[in-house]
Structure formats: C-alpha cells, structure tokens
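Just run30.cif here, mmCIF, C-alpha atoms:
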```
data_start
loop_
_atom_site.label_atom_id
_atom_site.label_comp_id
_atom_site.auth_asym_id
_atom_site.auth_seq_id
_atom_site.Cartn_x
_atom_site.Cartn_y
_atom_site.Cartn_z
CA LEU E 1 15.92 43.04 39.64
CA PHE E 2 12.28 42.63 38.55
CA PHE E 3 13.32 42.73 34.88
CA LEU E 4 16.02 40.09 35.51
CA ILE E 5 13.57 37.78 37.28
CA MET E 6 11.07 38.14 34.43
CA CYS E 7 13.75 37.32 31.84
CA LEU E 8 14.85 34.25 33.78
CA GLY E 9 11.25 33.08 34.09
CA ILE E 10 10.54 33.53 30.40
CA GLY E 11 13.80 31.79 29.48
CA PHE E 12 12.93 28.83 31.72
CA MET E 13 9.44 28.57 30.24
CA TYR E 14 10.73 28.54 26.67
CA SER E 15 13.39 25.95 27.53
CA GLN E 16 10.63 23.51 28.49
CA PRO E 17 9.09 21.17 25.90
CA ARG E 18 6.24 22.96 24.13
CA VAL E 19 3.51 20.77 22.64
CA SER E 20 1.19 22.20 20.01
CA LEU E 21 -2.48 21.16 19.75
CA GLU E 22 -4.13 22.12 16.46
CA HIS E 23 -7.95 22.24 16.47
CA ASN E 24 -9.97 23.80 13.63
CA GLY E 25 -7.25 26.31 12.82
CA THR E 26 -6.65 27.24 16.46
CA THR E 27 -3.33 26.48 18.14
CA THR E 28 -2.96 25.85 21.87
CA ILE E 29 0.49 25.44 23.46
CA TYR E 30 1.18 23.21 26.46
CA VAL E 31 4.50 23.38 28.34
CA GLY E 32 6.52 20.84 30.33
CA ASN E 33 7.06 17.09 30.48
CA SER E 34 3.32 16.49 31.04
CA ALA E 35 2.42 18.71 28.09
CA PHE E 36 1.63 15.72 25.85
CA VAL E 37 -0.83 14.33 28.40
CA GLN E 38 -2.48 17.75 28.75
CA ALA E 39 -2.75 18.23 24.99
CA PHE E 40 -4.16 14.75 24.45
CA THR E 41 -6.72 15.26 27.23
CA ALA E 42 -7.89 18.48 25.58
CA ALA E 43 -7.93 17.05 22.05
CA VAL E 44 -10.99 15.81 20.19
CA ASP E 45 -11.22 13.47 17.20
CA GLY E 46 -9.53 14.92 14.13
CA ASP E 47 -7.05 17.14 15.98
CA PHE E 48 -3.28 17.24 15.40
CA ILE E 49 -0.67 17.15 18.17
CA TYR E 50 2.92 18.17 17.35
CA LEU E 51 5.64 17.04 19.75
CA PRO E 52 9.07 18.71 19.83
CA GLY E 53 12.28 17.06 20.89
CA GLY E 54 12.24 15.97 24.53
CA THR E 55 10.90 13.26 26.82
CA PHE E 56 7.18 13.04 27.49
CA GLU E 57 4.82 11.16 29.75
CA VAL E 58 2.37 9.08 27.75
CA PRO E 59 -1.46 9.25 27.84
CA SER E 60 -3.76 6.35 27.04
CA PHE E 61 -4.61 6.50 23.35
CA ASP E 62 -8.40 6.60 23.03
CA LYS E 63 -9.07 9.28 20.40
CA LYS E 64 -8.73 9.66 16.64
CA VAL E 65 -5.86 12.15 16.57
CA THR E 66 -2.67 12.58 14.55
CA ILE E 67 0.51 12.76 16.64
CA ILE E 68 3.73 13.85 14.93
CA GLY E 69 7.09 14.08 16.67
CA ALA E 70 10.37 15.72 15.66
CA GLY E 71 11.99 12.45 14.58
CA VAL E 72 14.10 9.59 15.92
CA PHE E 73 17.47 9.50 14.15
CA PRO E 74 20.22 11.27 16.14
CA ASN E 75 21.85 12.79 13.05
CA ALA E 76 18.52 14.19 11.83
CA THR E 77 17.53 15.75 15.16
CA THR E 78 20.66 17.63 16.22
CA THR E 79 18.67 20.88 16.10
CA THR E 80 15.39 19.76 17.63
CA GLY E 81 16.37 16.71 19.69
CA LYS E 82 14.62 13.36 19.45
CA THR E 83 11.00 12.94 20.53
CA PHE E 84 10.94 10.28 23.24
CA ILE E 85 7.79 8.84 24.84
CA ASN E 86 8.56 7.31 28.21
CA GLY E 87 6.47 4.27 29.08
CA VAL E 88 4.07 1.73 27.65
CA ILE E 89 1.54 3.02 25.11
CA THR E 90 -1.93 1.50 25.44
CA PHE E 91 -4.60 1.78 22.73
CA PHE E 92 -8.35 1.50 23.37
CA ASP E 93 -11.47 1.25 21.16
CA ASN E 94 -11.84 4.95 20.43
CA ALA E 95 -8.32 5.13 18.97
CA ASP E 96 -9.76 4.11 15.57
CA GLY E 97 -7.97 6.13 12.88
CA LEU E 98 -5.12 7.36 15.12
CA THR E 99 -1.73 8.12 13.51
CA LEU E 100 1.58 8.13 15.39
CA GLU E 101 4.69 9.32 13.54
CA GLY E 102 8.25 10.36 14.30
CA VAL E 103 8.63 9.28 17.94
CA GLU E 104 10.68 6.77 19.92
CA ALA E 105 8.80 4.78 22.56
CA SER E 106 10.69 3.30 25.50
CA GLY E 107 8.14 0.53 26.13
CA SER E 108 5.67 -1.67 24.30
CA LEU E 109 2.63 -0.88 22.20
CA ASN E 110 -0.31 -2.63 23.88
CA PHE E 111 -3.69 -2.92 22.20
CA ALA E 112 -6.37 -3.59 24.79
CA ASN E 113 -7.53 -7.20 25.08
CA ASN E 114 -10.09 -8.10 22.40
CA HIS E 115 -10.91 -4.46 21.73
CA SER E 116 -12.10 -3.61 18.23
CA ILE E 117 -9.44 -1.08 17.20
CA ASN E 118 -9.09 -0.30 13.50
CA ASN E 119 -7.23 1.77 10.90
CA VAL E 120 -4.33 2.88 13.11
CA VAL E 121 -1.07 3.99 11.44
CA ILE E 122 2.33 3.73 13.14
CA LYS E 123 4.96 5.36 10.93
CA ARG E 124 8.66 6.25 11.16
CA CYS E 125 8.89 5.39 14.83
CA VAL E 126 11.31 3.40 16.97
CA ILE E 127 9.49 1.01 19.31
CA ASN E 128 11.82 -0.49 21.91
CA GLY E 129 9.30 -2.93 23.39
CA ASP E 130 6.98 -5.57 21.94
CA VAL E 131 3.88 -4.94 19.86
CA ASN E 132 1.02 -6.76 21.63
CA PHE E 133 -2.44 -7.39 20.22
CA SER E 134 -3.89 -9.49 23.03
CA GLY E 135 -7.09 -11.49 22.67
CA ASN E 136 -8.54 -14.00 20.23
CA LEU E 137 -11.49 -12.32 18.46
CA LEU E 138 -9.45 -10.94 15.53
CA ASN E 139 -11.37 -7.68 15.82
CA ALA E 140 -8.37 -5.38 15.51
CA THR E 141 -8.10 -4.74 11.75
CA ASN E 142 -6.44 -2.67 9.04
CA PHE E 143 -3.41 -1.55 11.03
CA SER E 144 -0.42 -0.15 9.15
CA PHE E 145 3.13 -0.32 10.53
CA ILE E 146 5.24 1.53 7.96
CA GLU E 147 8.97 2.44 8.00
CA ASN E 148 9.54 1.69 11.67
CA VAL E 149 12.27 0.12 13.75
CA LEU E 150 10.55 -2.55 15.85
CA ARG E 151 13.05 -3.84 18.40
CA GLY E 152 10.71 -6.28 20.15
CA SER E 153 8.54 -9.18 19.06
CA LEU E 154 5.18 -8.95 17.28
CA ASN E 155 2.47 -10.74 19.28
CA LEU E 156 -0.60 -10.60 17.05
CA PRO E 157 -3.38 -13.01 18.15
CA ASN E 158 -6.09 -10.33 17.87
CA LEU E 159 -4.91 -8.63 14.65
CA GLU E 160 -6.21 -9.41 11.16
CA THR E 161 -5.62 -7.66 7.82
CA GLY E 162 -2.69 -5.76 9.28
CA LEU E 163 0.12 -4.39 7.09
CA PHE E 164 3.78 -4.46 8.16
CA SER E 165 5.70 -2.72 5.41
CA ASN E 166 9.32 -1.52 5.14
CA ASN E 167 10.16 -2.07 8.80
CA ILE E 168 13.34 -3.32 10.45
CA ILE E 169 12.19 -6.02 12.89
CA GLN E 170 14.39 -7.56 15.58
CA GLY E 171 11.96 -9.98 17.25
CA VAL E 172 9.82 -12.95 16.28
CA VAL E 173 6.25 -12.99 14.92
CA ARG E 174 3.78 -14.88 17.11
CA ASP E 175 0.17 -15.95 16.46
CA SER E 176 -0.35 -13.92 13.29
CA SER E 177 -3.43 -14.59 11.20
CA GLY E 178 -4.21 -13.11 7.79
CA ASN E 179 -1.65 -10.29 7.88
CA MET E 180 0.67 -8.91 5.19
CA PHE E 181 4.43 -8.53 5.68
CA GLN E 182 6.23 -6.84 2.80
CA ASN E 183 9.66 -5.29 2.26
CA ASN E 184 10.78 -5.80 5.85
CA ILE E 185 14.16 -6.86 7.24
CA PHE E 186 13.95 -9.58 9.91
CA LEU E 187 17.18 -9.49 11.91
CA HIS E 188 16.32 -12.22 14.43
CA ASN E 189 18.76 -15.13 14.38
CA ASP E 190 18.78 -16.83 17.78
CA CYS E 191 19.64 -20.46 17.03
CA GLY E 192 20.96 -21.33 20.48
CA TYR E 193 18.68 -22.13 23.39
CA TYR E 194 15.75 -20.51 21.58
CA GLY E 195 16.51 -22.22 18.29
CA ASN E 196 13.53 -24.50 18.90
CA VAL E 197 11.24 -21.46 18.82
CA ALA E 198 9.96 -20.72 15.33
CA LEU E 199 10.66 -17.28 13.89
CA ILE E 200 7.03 -17.10 12.72
CA THR E 201 3.91 -18.75 14.11
CA GLY E 202 0.50 -18.26 12.58
CA SER E 203 -1.57 -19.04 9.51
CA ASN E 204 -2.70 -17.53 6.22
CA ASN E 205 -0.18 -14.69 6.22
CA THR E 206 1.67 -13.33 3.21
CA PHE E 207 5.41 -12.60 3.35
CA GLN E 208 6.78 -10.95 0.23
CA ASN E 209 9.92 -9.01 -0.67
CA ASN E 210 11.40 -9.46 2.83
CA ILE E 211 14.94 -10.28 3.96
CA PHE E 212 15.37 -12.96 6.63
CA ASN E 213 18.56 -13.30 8.66
CA ARG E 214 17.35 -16.52 10.32
CA GLN E 215 20.05 -19.18 10.02
CA CYS E 216 18.43 -22.14 11.77
CA ASP E 217 15.80 -24.37 10.22
CA ASN E 218 12.93 -23.98 12.70
CA PHE E 219 11.39 -21.23 10.66
CA VAL E 220 7.58 -21.34 10.55
CA GLY E 221 4.87 -22.97 12.61
CA GLY E 222 1.41 -22.68 11.06
CA THR E 223 -0.73 -23.36 8.02
CA GLY E 224 -1.23 -21.78 4.63
CA ASN E 225 1.41 -19.05 4.77
CA ARG E 226 2.68 -17.59 1.48
CA PHE E 227 6.35 -16.71 0.87
CA LEU E 228 6.95 -14.73 -2.31
CA LYS E 229 10.25 -13.27 -3.54
CA ASN E 230 12.03 -13.15 -0.16
CA ILE E 231 15.76 -13.41 0.54
CA PHE E 232 16.73 -16.29 2.84
CA VAL E 233 20.32 -16.72 4.02
CA MET E 234 19.83 -20.50 4.08
CA THR E 235 17.76 -23.01 2.13
CA ALA E 236 15.04 -23.09 4.75
CA SER E 237 12.79 -26.15 4.67
CA SER E 238 10.45 -25.65 7.63
CA PHE E 239 7.60 -23.49 6.33
CA GLY E 240 4.70 -25.09 8.19
CA THR E 241 1.77 -26.92 6.65
CA THR E 242 0.67 -26.32 3.02
CA PRO E 243 2.82 -23.23 2.40
CA THR E 244 3.08 -21.40 -0.93
CA LEU E 245 6.66 -20.70 -2.06
CA THR E 246 7.25 -18.57 -5.16
CA GLY E 247 10.44 -17.04 -6.52
CA ASN E 248 12.37 -16.88 -3.24
CA TYR E 249 16.13 -16.31 -3.16
CA MET E 250 17.54 -19.16 -1.11
CA ASN E 251 20.95 -19.70 0.50
CA VAL E 252 22.14 -16.13 -0.05
CA SER E 253 25.43 -15.34 1.73
CA TYR E 254 24.46 -12.79 4.38
CA PRO E 255 27.65 -10.68 4.11
CA THR E 256 26.79 -10.05 0.44
CA VAL E 257 23.30 -8.67 1.12
CA PHE E 258 23.74 -5.20 2.67
CA LEU E 259 26.25 -2.40 2.13
CA ASN E 260 27.05 -2.25 5.85
CA GLN E 261 25.18 -4.40 8.36
CA THR E 262 26.26 -6.95 10.94
CA GLY E 263 24.63 -8.51 13.97
CA VAL E 264 21.00 -8.90 14.95
CA SER E 265 20.25 -5.41 16.29
CA PHE E 266 19.36 -2.24 14.45
CA GLU E 267 22.14 0.35 14.57
CA TYR E 268 21.74 3.94 13.34
CA GLU E 269 25.15 4.03 11.66
CA GLN E 270 24.63 0.87 9.59
CA ASP E 271 23.55 0.94 5.95
CA TYR E 272 20.66 -1.34 5.01
CA HIS E 273 20.80 -0.69 1.25
CA LEU E 274 21.43 -3.78 -0.87
CA GLN E 275 24.84 -4.28 -2.43
CA THR E 276 23.24 -5.39 -5.72
CA PRO E 277 19.59 -4.29 -5.70
CA ALA E 278 18.98 -5.30 -9.32
CA THR E 279 19.81 -8.91 -8.40
CA TYR E 280 16.96 -9.26 -5.90
CA LEU E 281 13.67 -7.98 -7.27
CA GLY E 282 10.34 -8.29 -5.49
CA MET E 283 6.81 -8.97 -6.63
CA ASP E 284 6.38 -5.41 -7.94
CA GLY E 285 9.73 -5.32 -9.78
CA SER E 286 11.43 -3.08 -7.21
CA GLU E 287 14.21 -4.31 -4.92
CA VAL E 288 13.41 -6.47 -1.92
CA GLY E 289 14.02 -5.04 1.54
CA VAL E 290 13.11 -1.71 3.09
CA PHE E 291 14.15 0.53 0.19
CA GLY E 292 11.79 -1.10 -2.29
CA GLY E 293 8.06 -1.51 -2.57
CA GLN E 294 5.24 0.94 -1.97
CA PHE E 295 6.80 2.72 1.03
CA PRO E 296 10.58 3.02 0.54
CA PHE E 297 12.39 3.58 3.82
CA LYS E 298 12.98 7.32 4.14
CA THR E 299 16.54 8.33 4.97
CA GLN E 300 16.77 9.01 8.73
CA LEU E 301 12.98 8.53 9.05
CA ILE E 302 12.26 12.28 9.03
CA PRO E 303 8.50 12.87 9.63
CA GLU E 304 6.28 14.35 6.93
CA ASN E 305 5.85 17.79 8.52
CA PRO E 306 8.43 20.57 7.84
CA HIS E 307 11.69 19.68 9.55
CA ILE E 308 13.84 22.25 11.39
CA SER E 309 17.40 21.67 10.23
CA VAL E 310 19.21 24.84 11.42
CA LYS E 311 18.73 26.98 14.54
CA ASN E 312 21.34 29.64 15.35
CA ILE E 313 20.50 32.37 17.89
CA ASN E 314 23.22 34.79 18.95
CA PRO E 315 23.56 35.09 22.73
CA THR E 316 23.77 38.90 22.59
CA THR E 317 22.39 41.75 20.51
CA ASN E 318 24.52 43.86 18.18
CA SER E 319 25.31 47.58 18.59
CA SER E 320 21.86 48.43 17.18
CA GLY E 321 20.08 46.28 19.73
CA GLU E 322 19.20 43.64 17.13
CA LEU E 323 19.30 39.92 17.87
CA GLN E 324 20.61 37.77 15.01
CA VAL E 325 18.44 34.68 14.47
CA GLU E 326 18.80 32.02 11.76
CA ILE E 327 16.24 29.21 11.49
CA LYS E 328 15.83 26.93 8.50
CA ALA E 329 12.97 24.49 7.96
CA GLU E 330 12.92 21.95 5.15
CA ALA E 331 9.64 20.92 3.53
CA GLN E 332 9.11 17.15 3.21
CA ASN E 333 7.50 15.76 0.07
CA HIS E 334 6.46 12.49 1.73
#
```
Would you encode the structure as structure tokens?
Amino acid sequence: LFFLIMCLGIGFMYSQPRVSLEHNGTTTIYVGNSAFVQAFTAAVDGDFIYLPGGTFEVPSFDKKVTIIGAGVFPNATTTTGKTFINGVITFFDNADGLTLEGVEASGSLNFANNHSINNVVIKRCVINGDVNFSGNLLNATNFSFIENVLRGSLNLPNLETGLFSNNIIQGVVRDSSGNMFQNNIFLHNDCGYYGNVALITGSNNTFQNNIFNRQCDNFVGGTGNRFLKNIFVMTASSFGTTPTLTGNYMNVSYPTVFLNQTGVSFEYEQDYHLQTPATYLGMDGSEVGVFGGQFPFKTQLIPENPHISVKNINPTTNSSGELQVEIKAEAQNH
C-alpha cells in the first residue's frame, strides 16, 4: 500500500507543469500552475526560464530574463502541448532586455504608463489582446515584435524606434511615432460602422513590404509616413499629410494574393504564402509579406530551443522489467 501511494504521488507530481529556471549552469525545477510565477520570482537578470506545455499564471515582468515556451501551433505541439499564459502581461522599467518566445497570451501586453522600457523582444507568440504602450513621453524604445500573431490592436503612443517585422496583425495601429513596420500582413478590413476609423494613425513611421487587406479609403491619419513596396488591395488615396509613396502594388485582387486565406482573422490551417512571390518583391529584393525580409515567418512558429517531436512511453515493462521509452528532440537552426 505504501509503495502504491508513493507511485501515485510521484505520477501526480510529474503530470504537473514543470518549469525550468536556468541560472549560471544550475537548473531549478518548479511544479504546478504557479510554477512560472515562482520561477520568475527566483530569477535574476540574465537567467533563462523554460515553460512546457500547459496553462500558467503570469507574473509582472520586471527583470531581464529570457522566457521560452513550447510553442503555439496545435500541429507542432501535439507532444508537448501549447504554452498558454493566462491573463494580462504587464511590463515595468526593469524588464529592459527581456525576451518572450513561443507562448500564447490570453490577454493584452501592457507596458506601464510612461515607463522607460527598452530592448524587449517578443517572438513567435500569439497575443490575443491588444499591445498597449500607454503614455506620451516616447521613452519606450527599440522593441522588436518578430514573427507573431497579434490579434488585437497596436496602441503605441509611448513607443519610438520599435520594429514590427513578419507579424500577422488583425487590429489597427494607433498613435504610432517613428516606428518600422516591415513584412507584416494586416488583415483588418472593417469598413462598416468603423469605416470612419483610420487603419493607421501616427506620424513619421515606415511601412515597407507589407500586405494590407483594408478595402475602404480611410487609411491613414498622420504626417510624414513612408509607404514602400507594399501590396494594397485597392488604390488607396488617403495616406495622411506629406506621405512618401514608392513602388507600391496598388489595386491587387485579394483572392490572388495568398495560397489559402480568407476573412480577417488568423487561422492556423490557412496558408499565408504568396501565390506568385516573384511578382511582388520588397525593398530588399525578397517577397513582400511574412515569408520575406530579414525574419521569414518560421513554419508553425517553433521556438529556437530544441523541440520535442516524439514521446512514446509504454504503460508496462517487458518480461525483463525494462520500460520502453522513445523521445525525439529536433534541433532548431533559428
């Protein structure tokens, strides 16, 4: 009976999410749905936190750490499960240099009002809420949003010199100043009641090699924005005051753009490759959209750390008392 109870206890413990904190070559394991909060509390600047598949409570982000989940695409996480962060993620000043990769967040990303937060990287994540840089001091700088699915709107009044590259974006861009948007897909196309709301508001931004699904003319409100080598599905005329327009592809029939994409929402089973990539080249000579440019969209957004693709554990031992275990991990080159 004692042996049975011990086995059940060990089995329960190992069925719980296990978060790994890496500090100076030492690994500490935290168990349970609050394991992420415990690991983050114990972490110091420069540490790595690895999240398995599962759902986790979210700490406030106020340290320079690297957080890597198991991934977000269902087909790529059948072995591990998706890494899901439940709640709103809030960033504070000391989060300078933080990296977040390979997780799905249920809520928004909120950057504390007028806090000077810099050099944060958000990569290969799914963010279901808005991205909010509140304030007006423009003292949040050098952010990189790379290869994400951003389902909400981008509210950026306190962000400057930010990079949004190779993302699929469902919402609008509000109050952006001096930021770079390259090789993104903008799916937003609400031309009904909200048709009088511009897709983009802000000044002195650069938009290059993007694809815009917007099919109503109220496109940009702002001054001095640059539009270079983008695909537009209409001959848009409302680009704000003193825009720069160079080499854009206007009035492109939307059904001819992608191999398999319809609607205004990101869907995992759709294919966002171009039907004729050589027809639509960007500023760097590669194709426009998420599969071109400096950070081509990685298939299924698998994170950079080794990815567990196979896990087979027999439920019983063989006649020799041996337990057959097969686990395969695939190295990632980027």
For this structure, which residues satisfy the selection - the PyMOL selection byres ((chain E and resi 87) around 7) - when it is evaluated on the file as given? I want them as a list of chain:residue names.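 So the PyMOL selection byres ((chain E and resi 87) around 7), applied here, picks out E:Val58, E:Ile85, E:Asn86, E:Val88, E:Ile89, E:Ala105, E:Ser106, E:Gly107.
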For Phe258 in chain E, list every protein, DNA or RNA residue within 12 Å, evaluated using only C-alpha atoms, and leave out those in the same chain fewer than 2 positions away; present the list as a PyMOL selection string. chain E and resi 185+211+213+231+252-256+260-263+270-277+280+288-291
Decode the PyMOL selection byres ((chain E and resi 116) around 8) for the given file into explicit residues and return them as a list in words.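 Checking the PyMOL selection byres ((chain E and resi 116) around 8) against this file, the residues are Asp93, Asn114, His115, Ile117, Asn118, Asn139, Ala140 and Thr141 of chain E.
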Determine, counting all atoms listed in the file, which protein, DNA and RNA residues have an atom within 9 Å of an atom of range 151-157 of chain E; residues of the same chain fewer than 5 positions away are not included. Present the result as a VMD selection string. chain E and resid 108 126 to 138 168 to 177 202 265 to 266
How would the residues just chosen look if you wrote them out with C-alpha atoms as an mmCIF file, in the coordinates of the input?
```cif
data_model
loop_
_atom_site.group_PDB
_atom_site.id
_atom_site.type_symbol
_atom_site.label_atom_id
_atom_site.label_comp_id
_atom_site.auth_asym_id
_atom_site.auth_seq_id
_atom_site.Cartn_x
_atom_site.Cartn_y
_atom_site.Cartn_z
ATOM 1 C CA SER E 108 5.670 -1.670 24.300
ATOM 2 C CA VAL E 126 11.310 3.400 16.970
ATOM 3 C CA ILE E 127 9.490 1.010 19.310
ATOM 4 C CA ASN E 128 11.820 -0.490 21.910
ATOM 5 C CA GLY E 129 9.300 -2.930 23.390
ATOM 6 C CA ASP E 130 6.980 -5.570 21.940
ATOM 7 C CA VAL E 131 3.880 -4.940 19.860
ATOM 8 C CA ASN E 132 1.020 -6.760 21.630
ATOM 9 C CA PHE E 133 -2.440 -7.390 20.220
ATOM 10 C CA SER E 134 -3.890 -9.490 23.030
ATOM 11 C CA GLY E 135 -7.090 -11.490 22.670
ATOM 12 C CA ASN E 136 -8.540 -14.000 20.230
ATOM 13 C CA LEU E 137 -11.490 -12.320 18.460
ATOM 14 C CA LEU E 138 -9.450 -10.940 15.530
ATOM 15 C CA ILE E 168 13.340 -3.320 10.450
ATOM 16 C CA ILE E 169 12.190 -6.020 12.890
ATOM 17 C CA GLN E 170 14.390 -7.560 15.580
ATOM 18 C CA GLY E 171 11.960 -9.980 17.250
ATOM 19 C CA VAL E 172 9.820 -12.950 16.280
ATOM 20 C CA VAL E 173 6.250 -12.990 14.920
ATOM 21 C CA ARG E 174 3.780 -14.880 17.110
ATOM 22 C CA ASP E 175 0.170 -15.950 16.460
ATOM 23 C CA SER E 176 -0.350 -13.920 13.290
ATOM 24 C CA SER E 177 -3.430 -14.590 11.200
ATOM 25 C CA GLY E 202 0.500 -18.260 12.580
ATOM 26 C CA SER E 265 20.250 -5.410 16.290
ATOM 27 C CA PHE E 266 19.360 -2.240 14.450
#
```
Give me, as an mmCIF file with C-alpha atoms, in the frame of the given file, all polymer residues having an atom no more than 12 Å from Pro17 in chain E, counting all atoms listed in the file and skipping those fewer than 3 positions away in the same chain.
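Produced file around-v6.cif, reproduced below:
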```cif
data_model
loop_
_atom_site.group_PDB
_atom_site.id
_atom_site.type_symbol
_atom_site.label_atom_id
_atom_site.label_comp_id
_atom_site.auth_asym_id
_atom_site.auth_seq_id
_atom_site.Cartn_x
_atom_site.Cartn_y
_atom_site.Cartn_z
ATOM 1 C CA PHE E 12 12.930 28.830 31.720
ATOM 2 C CA MET E 13 9.440 28.570 30.240
ATOM 3 C CA TYR E 14 10.730 28.540 26.670
ATOM 4 C CA SER E 20 1.190 22.200 20.010
ATOM 5 C CA ILE E 29 0.490 25.440 23.460
ATOM 6 C CA TYR E 30 1.180 23.210 26.460
ATOM 7 C CA VAL E 31 4.500 23.380 28.340
ATOM 8 C CA GLY E 32 6.520 20.840 30.330
ATOM 9 C CA ASN E 33 7.060 17.090 30.480
ATOM 10 C CA SER E 34 3.320 16.490 31.040
ATOM 11 C CA ALA E 35 2.420 18.710 28.090
ATOM 12 C CA PHE E 36 1.630 15.720 25.850
ATOM 13 C CA TYR E 50 2.920 18.170 17.350
ATOM 14 C CA LEU E 51 5.640 17.040 19.750
ATOM 15 C CA PRO E 52 9.070 18.710 19.830
ATOM 16 C CA GLY E 53 12.280 17.060 20.890
ATOM 17 C CA GLY E 54 12.240 15.970 24.530
ATOM 18 C CA THR E 55 10.900 13.260 26.820
ATOM 19 C CA PHE E 56 7.180 13.040 27.490
ATOM 20 C CA GLU E 57 4.820 11.160 29.750
ATOM 21 C CA GLY E 69 7.090 14.080 16.670
ATOM 22 C CA ALA E 70 10.370 15.720 15.660
ATOM 23 C CA THR E 80 15.390 19.760 17.630
ATOM 24 C CA GLY E 81 16.370 16.710 19.690
ATOM 25 C CA LYS E 82 14.620 13.360 19.450
ATOM 26 C CA THR E 83 11.000 12.940 20.530
ATOM 27 C CA PHE E 84 10.940 10.280 23.240
#
```
Name the closest residue to Ala329 in chain E among the candidates E:Asn305, E:Thr99, E:Asn110, E:Asn184; distances are taken between atoms, counting all atoms listed in the file.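 The shortest atom-to-atom distance to Ala329 in chain E comes from E:Asn305.
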Taken to one decimal, the CA of Ile122 in chain E-CA of Gln300 in chain E distance is 16.0 Å
Using all atoms listed in the file, pick whichever of E:Leu163, E:Leu109, E:Val257, E:Ala198 has the shortest atom-to-atom distance to Phe92 in chain E.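 Distance minimum relative to Phe92 in chain E lands on E:Leu109.
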Residues near Asp62 in chain E, cut-off 9 Å, all atoms listed in the file, skip fewer than 4 positions along chain, as number ranges by chain: E: 90-96, 98
Residue with smallest distance to Glu22 in chain E - pool E:Glu104, E:Glu269, E:Asp190, E:Asp45, counting only C-alpha atoms: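 Using only C-alpha atoms, Glu22 in chain E sits closest to E:Asp45.
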Atom pair CA of Leu259 in chain E / CA of Ile302 in chain E: separation (Å): 21.4 Å
Carefully work through the PyMOL selection byres ((chain E and resi 44) around 12) for this structure and note down the residues it includes, as a PyMOL selection string. chain E and resi 21-24+39-43+45-49+61-66+94-95+98
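Compared by their closest atoms to Glu304 in chain E, and using only C-alpha atoms, the residues E:Gly71, E:Tyr249, E:Ser238, E:Thr223 rank with E:Gly71 nearest.
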Between CA of Gly221 in chain E and CA of Asn209 in chain E, what distance in Å does the model show, to one decimal?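 Those two atoms sit 19.9 Å apart.
Each of E:Leu199, E:Ala278, E:Leu228, E:Ala112 was compared to Phe181 in chain E using all atoms listed in the file, and E:Leu228 turns out to be the nearest.
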